[in-house]
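What follows is the content of protein24.cif (mmCIF, C-alpha atoms and all ligand atoms).
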```
data_coords
loop_
_atom_site.label_atom_id
_atom_site.label_comp_id
_atom_site.auth_asym_id
_atom_site.auth_seq_id
_atom_site.Cartn_x
_atom_site.Cartn_y
_atom_site.Cartn_z
CA MET A 268 -184.48 29.49 39.12
CA ILE A 269 -186.45 30.55 42.18
CA ASP A 270 -190.21 30.07 41.88
CA ARG A 271 -192.93 32.18 43.48
CA CYS A 272 -192.89 29.90 46.56
CA GLY A 273 -189.15 30.52 47.00
CA ARG A 274 -188.19 27.02 45.84
CA ASN A 275 -184.89 26.69 44.00
CA ILE A 276 -185.62 24.74 40.82
CA ASP A 277 -182.35 23.19 39.66
CA TYR A 278 -183.41 19.68 38.65
CA LEU A 279 -184.92 18.68 35.29
CA ARG A 280 -186.34 15.24 34.54
CA ILE A 281 -186.52 14.48 30.83
CA SER A 282 -188.64 11.71 29.38
CA VAL A 283 -186.88 10.71 26.17
CA THR A 284 -189.56 8.29 24.93
CA ASP A 285 -193.10 7.19 25.72
CA ARG A 286 -192.26 3.60 24.67
CA CYS A 287 -191.41 0.77 27.02
CA ASN A 288 -190.42 -2.88 26.84
CA LEU A 289 -192.39 -3.71 30.02
CA ARG A 290 -196.04 -3.14 30.90
CA CYS A 291 -196.04 -2.62 34.67
CA ILE A 292 -199.62 -2.99 35.86
CA TYR A 293 -199.67 0.34 37.73
CA CYS A 294 -197.99 2.30 34.96
CA MET A 295 -199.12 1.15 31.50
CA PRO A 296 -202.17 -0.65 30.14
CA GLU A 297 -201.68 -4.19 28.84
CA GLU A 298 -203.12 -3.56 25.39
CA GLY A 299 -203.86 -0.64 23.15
CA VAL A 300 -200.99 1.63 24.12
CA GLN A 301 -201.14 4.56 21.70
CA HIS A 302 -197.56 5.50 20.91
CA VAL A 303 -196.75 9.00 19.90
CA GLU A 304 -195.69 9.37 16.29
CA ARG A 305 -191.88 9.60 16.17
CA SER A 306 -191.85 12.98 14.44
CA LEU A 307 -193.60 14.44 17.48
CA ILE A 308 -190.92 13.22 19.90
CA LEU A 309 -188.11 15.69 20.59
CA GLN A 310 -184.97 15.00 18.60
CA GLU A 311 -181.59 14.92 20.29
CA GLU A 312 -180.70 18.41 19.06
CA GLU A 313 -183.97 19.78 20.44
CA ILE A 314 -183.39 18.17 23.84
CA LEU A 315 -179.87 19.60 23.91
CA ARG A 316 -181.07 23.06 23.02
CA ILE A 317 -183.70 23.06 25.76
CA CYS A 318 -181.11 21.79 28.26
CA ARG A 319 -178.61 24.46 27.28
CA VAL A 320 -181.23 27.17 27.81
CA MET A 321 -182.34 25.53 31.07
CA ALA A 322 -178.72 25.39 32.27
CA GLU A 323 -178.42 29.12 31.57
CA LEU A 324 -181.50 29.59 33.77
CA GLY A 325 -180.05 27.54 36.63
CA ILE A 326 -180.77 23.84 36.01
CA ARG A 327 -177.81 21.85 37.38
CA LYS A 328 -179.01 18.24 37.48
CA ILE A 329 -180.68 16.21 34.77
CA LYS A 330 -182.40 12.84 35.03
CA LEU A 331 -183.19 10.91 31.84
CA THR A 332 -186.28 8.75 32.04
CA GLY A 333 -189.09 7.37 29.86
CA GLY A 334 -191.10 5.21 29.16
CA GLU A 335 -187.99 3.15 29.10
CA PRO A 336 -185.10 5.43 28.12
CA LEU A 337 -182.86 2.60 26.92
CA VAL A 338 -185.24 1.69 24.08
CA ARG A 339 -184.27 5.00 22.50
CA PRO A 340 -181.06 4.65 20.48
CA GLY A 341 -178.07 6.85 21.28
CA MET A 342 -178.59 7.36 25.01
CA PRO A 343 -174.89 7.16 26.02
CA ARG A 344 -174.13 9.85 23.43
CA LEU A 345 -176.87 12.06 24.86
CA VAL A 346 -175.47 11.56 28.37
CA GLU A 347 -172.00 12.53 27.18
CA LYS A 348 -173.26 15.70 25.48
CA LEU A 349 -175.22 16.71 28.58
CA LYS A 350 -172.23 16.03 30.81
CA ASN A 351 -170.15 18.37 28.64
CA MET A 352 -172.73 21.14 28.80
CA PRO A 353 -171.67 24.23 30.80
CA GLY A 354 -173.65 24.47 34.04
CA ILE A 355 -174.78 20.85 34.14
CA GLU A 356 -173.24 19.12 37.16
CA LYS A 357 -174.99 15.77 37.26
CA VAL A 358 -176.63 13.48 34.74
CA THR A 359 -178.45 10.39 35.95
CA LEU A 360 -180.78 7.83 34.43
CA THR A 361 -183.74 5.78 35.57
CA THR A 362 -184.35 2.47 33.82
CA ASN A 363 -185.96 -0.92 34.22
CA GLY A 364 -182.50 -2.35 33.51
CA VAL A 365 -183.62 -4.83 30.82
CA LEU A 366 -181.35 -3.34 28.14
CA LEU A 367 -178.67 -2.05 30.48
CA LYS A 368 -176.04 -4.79 30.38
CA ASP A 369 -174.85 -4.08 26.83
CA GLN A 370 -174.91 -0.30 27.25
CA MET A 371 -173.36 -0.02 30.70
CA ARG A 372 -169.77 0.39 29.53
CA ASP A 373 -170.79 3.21 27.17
CA PHE A 374 -172.70 4.97 29.94
CA ALA A 375 -169.67 4.77 32.20
CA GLY A 376 -167.50 6.16 29.40
CA ALA A 377 -170.02 8.96 28.87
CA GLY A 378 -169.62 10.06 32.51
CA LEU A 379 -173.04 9.05 33.85
CA ASP A 380 -173.24 9.99 37.54
CA GLY A 381 -176.02 7.77 38.80
CA LEU A 382 -178.43 5.02 37.91
CA ASN A 383 -181.82 4.16 39.35
CA ILE A 384 -182.99 0.69 38.42
CA SER A 385 -186.63 -0.22 38.97
CA LEU A 386 -187.12 -3.64 40.49
CA ASP A 387 -190.40 -4.39 42.22
CA SER A 388 -189.77 -8.02 43.15
CA LEU A 389 -187.00 -10.62 43.13
CA ASP A 390 -189.52 -13.38 42.65
CA ALA A 391 -189.79 -14.40 38.99
CA ASP A 392 -193.54 -15.17 39.07
CA CYS A 393 -194.36 -11.99 40.92
CA SER A 394 -192.16 -9.93 38.61
CA ARG A 395 -193.95 -11.45 35.61
CA LYS A 396 -197.28 -10.58 37.18
CA ILE A 397 -196.26 -6.97 37.83
CA THR A 398 -194.37 -6.24 34.61
CA ARG A 399 -196.43 -8.54 32.35
CA ARG A 400 -193.12 -9.63 30.82
CA ASP A 401 -190.51 -12.27 31.62
CA GLU A 402 -187.48 -10.04 31.90
CA LEU A 403 -186.32 -10.32 35.50
CA GLY A 404 -183.16 -12.18 34.39
CA ARG A 405 -182.12 -9.35 32.08
CA THR A 406 -182.81 -6.75 34.80
CA PHE A 407 -180.53 -8.74 37.13
CA GLY A 408 -177.92 -8.83 34.38
CA GLY A 409 -178.14 -5.03 34.18
CA ILE A 410 -177.75 -4.66 37.94
CA GLU A 411 -174.75 -7.02 38.01
CA GLU A 412 -173.09 -5.06 35.24
CA ALA A 413 -173.83 -1.73 36.93
CA LEU A 414 -172.19 -2.98 40.14
CA LYS A 415 -168.91 -3.25 38.22
CA TYR A 416 -168.81 0.57 38.06
CA PRO A 417 -168.65 1.75 41.69
CA GLU A 418 -168.08 5.34 40.55
CA ILE A 419 -171.71 5.40 39.33
CA SER A 420 -174.10 5.53 42.28
CA LEU A 421 -176.71 2.79 42.08
CA LYS A 422 -180.19 2.85 43.56
CA ILE A 423 -182.93 0.26 43.31
CA ASN A 424 -186.46 1.67 43.12
CA CYS A 425 -189.34 -0.49 44.26
CA VAL A 426 -193.05 0.42 44.30
CA PRO A 427 -194.83 -1.64 46.99
CA LEU A 428 -198.20 -2.91 45.82
CA GLY A 429 -199.50 -4.54 48.96
CA ILE A 430 -199.17 -8.10 47.64
CA PRO A 431 -197.23 -10.52 49.89
CA GLU A 432 -195.53 -12.34 46.96
CA GLN A 433 -193.64 -9.13 46.25
CA ASP A 434 -191.57 -9.93 49.37
CA LEU A 435 -190.34 -6.42 50.09
CA CYS A 436 -187.88 -7.62 52.73
CA ARG A 437 -186.08 -9.66 50.08
CA VAL A 438 -185.78 -6.54 47.93
CA ALA A 439 -184.49 -4.56 50.92
CA PHE A 440 -181.84 -7.21 51.62
CA LEU A 441 -180.18 -6.32 48.29
CA ALA A 442 -178.65 -3.44 50.25
CA GLN A 443 -177.03 -5.88 52.67
CA ASP A 444 -174.40 -7.38 50.42
CA HIS A 445 -174.23 -4.79 47.65
CA LYS A 446 -173.40 -1.13 47.66
CA VAL A 447 -176.85 -0.12 46.49
CA HIS A 448 -179.50 1.95 48.17
CA VAL A 449 -182.95 0.38 48.02
CA ARG A 450 -185.76 2.92 47.89
CA PHE A 451 -189.44 2.28 48.32
CA ILE A 452 -191.66 4.63 46.33
CA GLU A 453 -195.20 5.12 47.54
CA MET A 454 -197.78 4.50 44.84
CA MET A 455 -198.99 7.82 43.48
CA PRO A 456 -202.51 8.32 42.12
CA ILE A 457 -201.33 9.23 38.64
CA GLY A 458 -202.74 7.45 35.56
CA ILE A 459 -203.36 3.76 36.27
CA GLY A 460 -201.75 4.25 39.67
CA LYS A 461 -205.12 5.66 40.77
CA GLU A 462 -206.49 2.11 40.74
CA PHE A 463 -203.93 0.90 43.31
CA ARG A 464 -203.81 1.56 47.00
CA GLY A 465 -200.12 0.92 47.50
CA VAL A 466 -198.46 0.72 50.91
CA SER A 467 -197.82 3.71 53.16
CA GLU A 468 -194.42 4.35 54.69
CA GLU A 469 -195.73 3.51 58.17
CA GLU A 470 -197.07 0.13 57.00
CA LEU A 471 -193.82 -0.54 55.21
CA LEU A 472 -191.71 0.22 58.27
CA GLY A 473 -193.80 -2.34 60.11
CA ILE A 474 -193.25 -4.97 57.40
CA LEU A 475 -189.50 -4.35 57.11
CA GLY A 476 -189.07 -4.07 60.88
CA LYS A 477 -190.06 -7.73 61.28
CA LYS A 478 -187.11 -9.08 59.28
CA LEU A 479 -184.44 -6.41 58.91
CA PRO A 480 -181.78 -5.86 61.58
CA ARG A 481 -182.03 -2.70 63.66
CA PHE A 482 -182.36 0.50 61.63
CA SER A 483 -182.00 4.17 62.43
CA VAL A 484 -182.59 7.45 60.58
CA TYR A 485 -179.65 8.38 58.32
CA GLU A 486 -178.51 11.94 58.96
CA GLY A 487 -175.38 12.14 56.78
CA GLU A 488 -174.71 13.85 53.46
CA PRO A 489 -177.66 13.97 51.00
CA LEU A 490 -177.66 10.88 48.76
CA GLY A 491 -179.46 12.29 45.74
CA ASN A 492 -181.38 15.16 44.17
CA GLY A 493 -184.71 14.57 45.72
CA PRO A 494 -187.05 14.00 48.61
CA CYS A 495 -185.97 10.48 49.58
CA HIS A 496 -185.20 10.03 53.28
CA TYR A 497 -182.98 7.15 54.33
CA TYR A 498 -182.40 4.67 57.13
CA GLU A 499 -179.18 2.94 58.01
CA VAL A 500 -179.49 -0.75 58.75
CA GLU A 501 -176.97 -2.53 60.95
CA GLY A 502 -174.56 -4.54 58.79
CA PHE A 503 -175.94 -3.27 55.45
CA SER A 504 -173.65 -1.77 52.78
CA GLY A 505 -176.41 0.38 51.29
CA LYS A 506 -179.25 2.34 52.84
CA ILE A 507 -183.01 1.90 52.77
CA GLY A 508 -184.94 4.91 51.48
CA PHE A 509 -188.52 6.07 51.32
CA ILE A 510 -190.10 8.40 48.79
CA SER A 511 -193.51 8.99 50.26
CA ALA A 512 -195.26 11.62 48.19
CA VAL A 513 -198.68 10.74 49.55
CA SER A 514 -198.15 10.08 53.26
CA HIS A 515 -195.26 12.55 53.66
CA LYS A 516 -195.91 15.29 51.14
CA PHE A 517 -192.72 17.17 50.24
CA CYS A 518 -193.97 19.86 47.82
CA GLY A 519 -192.48 22.64 49.95
CA GLU A 520 -189.01 21.41 49.02
CA CYS A 521 -189.81 20.55 45.40
CA ASN A 522 -186.79 21.38 43.25
CA ARG A 523 -187.88 19.88 39.93
CA ILE A 524 -189.61 20.37 36.64
CA ARG A 525 -190.28 17.79 33.94
CA LEU A 526 -190.04 17.68 30.17
CA THR A 527 -192.19 15.09 28.38
CA SER A 528 -190.89 13.26 25.32
CA GLN A 529 -193.02 15.60 23.21
CA GLY A 530 -191.42 18.65 24.71
CA PHE A 531 -194.14 19.74 27.13
CA LEU A 532 -192.67 21.39 30.21
CA LYS A 533 -194.57 20.19 33.29
CA THR A 534 -194.14 22.05 36.54
CA CYS A 535 -195.95 19.58 38.83
CA LEU A 536 -196.49 15.84 38.58
CA GLN A 537 -200.15 16.04 39.43
CA TYR A 538 -201.23 18.95 37.26
CA ALA A 539 -201.37 19.40 33.52
CA ALA A 540 -199.93 22.91 34.00
CA GLY A 541 -196.95 23.89 31.87
CA ARG A 542 -195.91 25.06 28.43
CA ASP A 543 -195.28 23.45 25.04
CA LEU A 544 -191.58 24.05 24.38
CA ARG A 545 -191.63 22.00 21.18
CA ALA A 546 -194.07 24.53 19.70
CA VAL A 547 -191.67 27.35 20.56
CA ILE A 548 -188.69 25.56 19.02
CA ARG A 549 -190.42 24.29 15.91
CA GLY A 550 -192.14 27.63 15.48
CA GLY A 551 -188.71 29.25 15.06
CA GLY A 552 -188.55 30.83 18.55
CA SER A 553 -185.26 32.31 19.73
CA ASP A 554 -183.44 31.22 22.90
CA GLU A 555 -184.73 34.36 24.59
CA GLU A 556 -188.30 33.44 23.67
CA LEU A 557 -187.73 29.91 24.95
CA LYS A 558 -186.42 31.28 28.24
CA ALA A 559 -189.42 33.58 28.59
CA VAL A 560 -191.84 30.68 28.07
CA ILE A 561 -189.96 28.51 30.60
CA LEU A 562 -190.09 31.30 33.20
CA GLU A 563 -193.78 31.85 32.45
CA ALA A 564 -194.45 28.16 33.15
CA LEU A 565 -192.40 28.37 36.34
CA SER A 566 -194.40 31.37 37.54
CA GLU A 567 -197.46 29.10 37.53
CA LYS A 568 -195.86 26.11 39.26
CA PRO A 569 -198.51 24.87 41.71
CA ASP A 570 -197.81 25.13 45.45
CA GLY A 571 -198.27 21.40 45.77
CA HIS A 572 -200.23 18.31 44.87
CA ILE A 573 -203.42 17.14 46.55
CA PHE A 574 -202.83 13.37 46.32
CA GLY A 575 -205.27 11.63 48.58
CA GLY A 576 -206.93 14.98 49.16
CA ASN A 577 -210.10 16.62 48.04
CA LEU A 578 -211.36 14.39 45.22
CA GLU A 579 -214.01 16.88 44.15
CA LYS A 580 -211.31 19.54 43.82
CA GLN A 581 -209.16 17.10 41.81
CA LYS A 582 -212.01 16.59 39.37
CA GLU A 583 -212.85 20.23 38.94
CA ASP A 584 -209.28 21.42 38.46
CA LYS A 585 -206.71 20.66 35.83
CA THR A 586 -205.15 17.45 37.07
CA GLU A 587 -202.90 15.36 34.86
CA LYS A 588 -204.55 12.82 32.58
CA LEU A 589 -201.34 11.26 31.26
CA CYS A 590 -199.94 7.90 32.47
CA MET A 591 -196.70 7.81 34.44
CA SER A 592 -194.94 6.22 31.45
CA GLN A 593 -195.78 9.35 29.44
CA ILE A 594 -194.47 11.67 32.15
CA GLY A 595 -191.42 9.77 33.32
CA GLY A 596 -192.11 9.47 37.02
N1 LIG A 601 -189.02 2.74 32.73
C1 LIG A 601 -188.17 3.37 33.68
C2 LIG A 601 -188.29 2.71 35.03
O1 LIG A 601 -189.20 1.91 35.22
O2 LIG A 601 -187.46 3.03 35.88
C3 LIG A 601 -188.37 4.87 33.80
C4 LIG A 601 -189.77 5.40 33.79
S1 LIG A 601 -190.80 4.87 35.15
C5 LIG A 601 -192.28 5.79 34.82
C6 LIG A 601 -190.04 5.72 36.51
C7 LIG A 601 -190.46 5.25 37.88
O3 LIG A 601 -191.81 5.59 38.12
C8 LIG A 601 -190.35 3.74 38.12
O4 LIG A 601 -189.55 3.50 39.26
C9 LIG A 601 -191.77 3.32 38.37
O5 LIG A 601 -191.86 2.23 39.24
C10 LIG A 601 -192.38 4.58 38.93
N2 LIG A 601 -193.84 4.67 38.83
C11 LIG A 601 -194.63 4.43 37.77
N3 LIG A 601 -195.93 4.65 38.08
C12 LIG A 601 -195.95 5.03 39.38
C13 LIG A 601 -196.98 5.42 40.30
N4 LIG A 601 -198.26 5.45 39.95
N5 LIG A 601 -196.63 5.77 41.55
C14 LIG A 601 -195.32 5.76 41.94
N6 LIG A 601 -194.31 5.42 41.12
C15 LIG A 601 -194.62 5.06 39.87
FE1 LIG A 602 -192.16 0.79 31.72
FE2 LIG A 602 -191.01 1.96 33.81
FE3 LIG A 602 -193.67 2.13 33.43
FE4 LIG A 602 -192.65 -0.22 34.12
S1 LIG A 602 -192.60 1.65 35.36
S2 LIG A 602 -194.14 0.15 32.45
S3 LIG A 602 -190.70 -0.16 33.13
S4 LIG A 602 -192.12 3.00 32.12
#
```

Give the structure from the file, written as structure tokens.
Amino acid sequence: MIDRCGRNIDYLRISVTDRCNLRCIYCMPEEGVQHVERSLILQEEEILRICRVMAELGIRKIKLTGGEPLVRPGMPRLVEKLKNMPGIEKVTLTTNGVLLKDQMRDFAGAGLDGLNISLDSLDADCSRKITRRDELGRTFGGIEEALKYPEISLKINCVPLGIPEQDLCRVAFLAQDHKVHVRFIEMMPIGIGKEFRGVSEEELLGILGKKLPRFSVYEGEPLGNGPCHYYEVEGFSGKIGFISAVSHKFCGECNRIRLTSQGFLKTCLQYAAGRDLRAVIRGGGSDEELKAVILEALSEKPDGHIFGGNLEKQKEDKTEKLCMSQIGG
């Protein structure tokens, strides 16, 4: 699907649930999370139907996300069905890893192509402070299990918060001994993330540069579906990546759209723009009608976000009011 800015949209991120077993301070509130009634969440058949129609329109890669996707039962089965869908080339998953260990074998059997595991700190106290839960051990267990399946590419995602206890160098060193890429995601001003300053890529390079061996820009084959740029570090098995939506805006190359767990098709992370696909499906719409609504949404995909930009403009326009856990990141 080519949008009005000439961008080839071939990547769909699907949030399969708004629920999560962690409460990361920059993503979800501690108390009073209002969960969506289950009947309003897309059922497996509905997700599959939307994906089939999307594949006919040109979507080739699918990422399953949440909330925490692994709290939804039947995820390996969903992966398998998506992998068998004509047109779909890659299915990947992003998870906090807490429930991964027991499901890993089934995901491998289902043909999962890649896994992103979120891990903001290797320090137990710091992790507890960030996630408001004591689950670092189970996340490690998930990572260890995932490393047993080298055919599934593994990436660690870390959001720097600007607190020294997070010890970002220690997180980066995971890529020394293990074949994992460690990626630092700049804090985005979405939902509760607006209350955090985060750490820019330039600051981060300074921090990592003090402890990591020499690194240089990686110029090889692309390592994923998105805007991450990578560095090679001398003696490291994996690479170090940066996803810097604020300091290095990449909207010109945006290749993605997002489906919320309630079936709302979002065309930009920052804006509420999109269309309610659940309404089309549950209203008895045909595949052709569904396609028309998807293309209509795409025709309005914003040129780009204005993170860190004109705050007055952000207020006056239709920016997103949902939390990241409701969108899927
Ligand atoms: N629960 C899963 C996980 O944590 O990987 C999937 C959903 S989570 C919303 C997806 C990713 O978004 C995580 O890596 C998380 O750290 C990141 N994230 C959440 N809020 C963010 C924000 N305001 N800015 C940047 N990344 C954010
Ligand atoms: Fe849950 Fe992921 Fe948000 Fe953390 S970042 S609260 S694990 S959805």

Which protein, DNA or RNA residues have an atom within 6 Å of ligand LIG 602 (chain A), counting all atoms listed in the file, as a PDB file with C-alpha atoms, keeping the file's coordinate frame?
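Output saved as part-v3.pdb:
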```pdb
ATOM      1  CA  CYS A 287    -191.410   0.770  27.020  1.00  0.00           C
ATOM      2  CA  LEU A 289    -192.390  -3.710  30.020  1.00  0.00           C
ATOM      3  CA  ARG A 290    -196.040  -3.140  30.900  1.00  0.00           C
ATOM      4  CA  CYS A 291    -196.040  -2.620  34.670  1.00  0.00           C
ATOM      5  CA  CYS A 294    -197.990   2.300  34.960  1.00  0.00           C
ATOM      6  CA  MET A 295    -199.120   1.150  31.500  1.00  0.00           C
ATOM      7  CA  GLY A 333    -189.090   7.370  29.860  1.00  0.00           C
ATOM      8  CA  GLY A 334    -191.100   5.210  29.160  1.00  0.00           C
ATOM      9  CA  GLU A 335    -187.990   3.150  29.100  1.00  0.00           C
ATOM     10  CA  ASN A 363    -185.960  -0.920  34.220  1.00  0.00           C
ATOM     11  CA  SER A 592    -194.940   6.220  31.450  1.00  0.00           C
TER      12      SER A 592
END
```

So which one's closest to ligand LIG 601 (chain A), A:Ser385, A:Gln301, A:Asn522, A:Gln370? Using all atoms listed in the file, please. A:Ser385

Give me the residues of chain A that have any atom at most 7 Å from an atom of ligand LIG 601 (chain A); for each, the nearest atom pair and the distance in Å, rounded to one decimal. Use only C-alpha atoms and all ligand atoms, sort by chain and number, and format it as CSV.
```
residue,atom,partner,partner_atom,distance
A:Cys287,CA,A:LIG601,N1,6.5
A:Tyr293,CA,A:LIG601,N3,5.7
A:Cys294,CA,A:LIG601,N3,4.4
A:Thr332,CA,A:LIG601,C3,4.7
A:Gly333,CA,A:LIG601,C4,4.4
A:Gly334,CA,A:LIG601,N1,4.8
A:Glu335,CA,A:LIG601,N1,3.8
A:Pro336,CA,A:LIG601,C3,6.6
A:Thr361,CA,A:LIG601,O2,4.6
A:Thr362,CA,A:LIG601,O2,3.8
A:Asn363,CA,A:LIG601,C2,4.4
A:Asn383,CA,A:LIG601,O2,6.7
A:Ile384,CA,A:LIG601,O2,5.6
A:Ser385,CA,A:LIG601,O2,4.6
A:Asn424,CA,A:LIG601,O4,5.3
A:Cys425,CA,A:LIG601,O5,6.2
A:Val426,CA,A:LIG601,O5,5.5
A:Ile452,CA,A:LIG601,C14,5.8
A:Glu453,CA,A:LIG601,C14,5.6
A:Met454,CA,A:LIG601,N5,3.7
A:Met455,CA,A:LIG601,N5,3.7
A:Pro456,CA,A:LIG601,N4,5.6
A:Ile457,CA,A:LIG601,N4,5.0
A:Gly458,CA,A:LIG601,N4,6.6
A:Ile459,CA,A:LIG601,N4,6.5
A:Gly460,CA,A:LIG601,N4,3.7
A:Lys461,CA,A:LIG601,N4,6.9
A:Met591,CA,A:LIG601,C5,4.9
A:Ser592,CA,A:LIG601,C5,4.3
A:Ile594,CA,A:LIG601,C5,6.8
A:Gly595,CA,A:LIG601,C5,4.3
A:Gly596,CA,A:LIG601,O3,4.0
```

Please determine the residues with any atom at most 12 Å from (-170.3, 24.9, 35.0) (coordinates as given in the file, with only C-alpha atoms counting) and report them as a list in words.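 Counting only C-alpha atoms, I find these residues within 12 Å of (-170.3, 24.9, 35.0): Arg319, Ala322, Glu323, Gly325, Ile326, Arg327, Lys328, Leu349, Lys350, Asn351, Met352, Pro353, Gly354, Ile355, Glu356 and Lys357 of chain A.
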
If you keep C-alpha atoms, can you produce a file of those selected residues as a tab-separated table (two decimals), in the frame of the given file?
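Below you can see again.tsv, which holds the result:
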```tsv
chain	number	residue	atom	x	y	z
A	319	ARG	CA	-178.61	24.46	27.28
A	322	ALA	CA	-178.72	25.39	32.27
A	323	GLU	CA	-178.42	29.12	31.57
A	325	GLY	CA	-180.05	27.54	36.63
A	326	ILE	CA	-180.77	23.84	36.01
A	327	ARG	CA	-177.81	21.85	37.38
A	328	LYS	CA	-179.01	18.24	37.48
A	349	LEU	CA	-175.22	16.71	28.58
A	350	LYS	CA	-172.23	16.03	30.81
A	351	ASN	CA	-170.15	18.37	28.64
A	352	MET	CA	-172.73	21.14	28.80
A	353	PRO	CA	-171.67	24.23	30.80
A	354	GLY	CA	-173.65	24.47	34.04
A	355	ILE	CA	-174.78	20.85	34.14
A	356	GLU	CA	-173.24	19.12	37.16
A	357	LYS	CA	-174.99	15.77	37.26
```

Just want the 8 Å neighbourhood of range 441-448 of chain A, counted on only C-alpha atoms, with same-chain residues fewer than 5 positions away dropped. Output as a ChimeraX atom specification. /A:414,420-423,502-508

Any chance you could export the current selection's C-alpha atoms as a PDB file, keeping the file's coordinate frame?
```pdb
ATOM      1  CA  LEU A 414    -172.190  -2.980  40.140  1.00  0.00           C
ATOM      2  CA  SER A 420    -174.100   5.530  42.280  1.00  0.00           C
ATOM      3  CA  LEU A 421    -176.710   2.790  42.080  1.00  0.00           C
ATOM      4  CA  LYS A 422    -180.190   2.850  43.560  1.00  0.00           C
ATOM      5  CA  ILE A 423    -182.930   0.260  43.310  1.00  0.00           C
ATOM      6  CA  GLY A 502    -174.560  -4.540  58.790  1.00  0.00           C
ATOM      7  CA  PHE A 503    -175.940  -3.270  55.450  1.00  0.00           C
ATOM      8  CA  SER A 504    -173.650  -1.770  52.780  1.00  0.00           C
ATOM      9  CA  GLY A 505    -176.410   0.380  51.290  1.00  0.00           C
ATOM     10  CA  LYS A 506    -179.250   2.340  52.840  1.00  0.00           C
ATOM     11  CA  ILE A 507    -183.010   1.900  52.770  1.00  0.00           C
ATOM     12  CA  GLY A 508    -184.940   4.910  51.480  1.00  0.00           C
TER      13      GLY A 508
END
```

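Nearest to Gly519 in chain A of all the residues A:Met342, A:Pro569, A:Arg395, A:Leu544 is A:Pro569, counting all atoms listed in the file.
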
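For the residues A:Ser467, A:Thr359, A:Ser528, A:Ser394, ranking by smallest atom-to-atom distance to Pro427 in chain A using all atoms listed in the file places A:Ser467 first.
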
Produce a table with one row for each residue of range 479-503 of chain A that has an atom at most 12 Å from any atom of range 468-473 of chain A, each row naming the nearest atom pair and its distance in Å at one decimal; use all atoms listed in the file; arrange rows by chain and rising residue number; format as a Markdown table.
```
| residue | atom | partner | partner_atom | distance |
| --- | --- | --- | --- | --- |
| A:Leu479 | CA | A:Leu472 | CA | 9.9 |
| A:Arg481 | CA | A:Leu472 | CA | 11.5 |
| A:Phe482 | CA | A:Leu472 | CA | 9.9 |
| A:Ser483 | CA | A:Leu472 | CA | 11.3 |
| A:Val484 | CA | A:Leu472 | CA | 11.9 |
| A:Cys495 | CA | A:Glu468 | CA | 11.6 |
| A:His496 | CA | A:Glu468 | CA | 10.9 |
| A:Tyr497 | CA | A:Glu468 | CA | 11.8 |
| A:Tyr498 | CA | A:Leu472 | CA | 10.4 |
```

Can I get the residues of range 518-572 of chain A within 9 Å of range 275-286 of chain A, each with the closest pair of atoms and their distance in Å to one decimal, using all atoms listed in the file, sorted chain first then ascending number, as a Markdown table?
```
| residue | atom | partner | partner_atom | distance |
| --- | --- | --- | --- | --- |
| A:Glu520 | CA | A:Asn275 | CA | 8.4 |
| A:Cys521 | CA | A:Ile276 | CA | 7.5 |
| A:Asn522 | CA | A:Ile276 | CA | 4.3 |
| A:Arg523 | CA | A:Tyr278 | CA | 4.7 |
| A:Ile524 | CA | A:Leu279 | CA | 5.2 |
| A:Arg525 | CA | A:Arg280 | CA | 4.7 |
| A:Leu526 | CA | A:Ile281 | CA | 4.8 |
| A:Thr527 | CA | A:Ser282 | CA | 5.0 |
| A:Ser528 | CA | A:Val283 | CA | 4.8 |
| A:Gln529 | CA | A:Thr284 | CA | 8.3 |
| A:Gly530 | CA | A:Ser282 | CA | 8.8 |
| A:Leu565 | CA | A:Ile276 | CA | 8.9 |
```

Rounded to one decimal, what separation in Å do you get between CA of Leu536 in chain A and CA of Val303 in chain A? 19.9 Å

Restricting the calculation to all atoms listed in the file: of A:Ile397, A:Cys518, A:Val560, A:Ile430, which residue gets closest to Glu297 in chain A?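 Of the candidates, the smallest distance to Glu297 in chain A is held by A:Ile397.
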
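The coordinates place CA of Arg450 in chain A at 14.9 Å from CA of Ile410 in chain A.
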
At what distance in Å, to one decimal, does CA of Ile474 in chain A lie from CA of Ala439 in chain A? 10.9 Å

For Arg405 in chain A, the nearest of the candidates A:Asp369, A:Glu501, A:Glu462, A:Glu347, counting all atoms listed in the file: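 Among the listed residues, the smallest separation from Arg405 in chain A belongs to A:Asp369.
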
Contacts of Thr406 in chain A at 8 Å (all atoms listed in the file; same-chain gap of 6+ positions) as an MDAnalysis selection string: chainID A and resid 363:367 386

I'd like to know which of A:Val466, A:Leu389, A:Leu331, A:Ala413 is closest to Gly429 in chain A, using all atoms listed in the file.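 The closest residue to Gly429 in chain A is A:Val466.
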
Set the distance at 9 Å and use all atoms listed in the file: which residues neighbour Lys568 in chain A once local chain neighbours fewer than 2 positions away are removed? I'd like the list as a list in words.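 So, after excluding close chain neighbours, the residues are Asp270, Arg271, Cys272, Ile524, Lys533, Thr534, Cys535, Ala540, Gly541, Ala564, Leu565, Ser566, Asp570 and Gly571 of chain A.
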
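If you count all atoms listed in the file and ignore residues fewer than 4 places along the chain from Ala391 in chain A, what sits within 12 Å of it is Leu386, Asp387, Arg395, Lys396, Ile397, Thr398, Arg399, Arg400, Asp401, Glu402, Leu403, Gly404, Arg405, Thr406, Phe407, Glu432, Gln433 and Asp434 of chain A.
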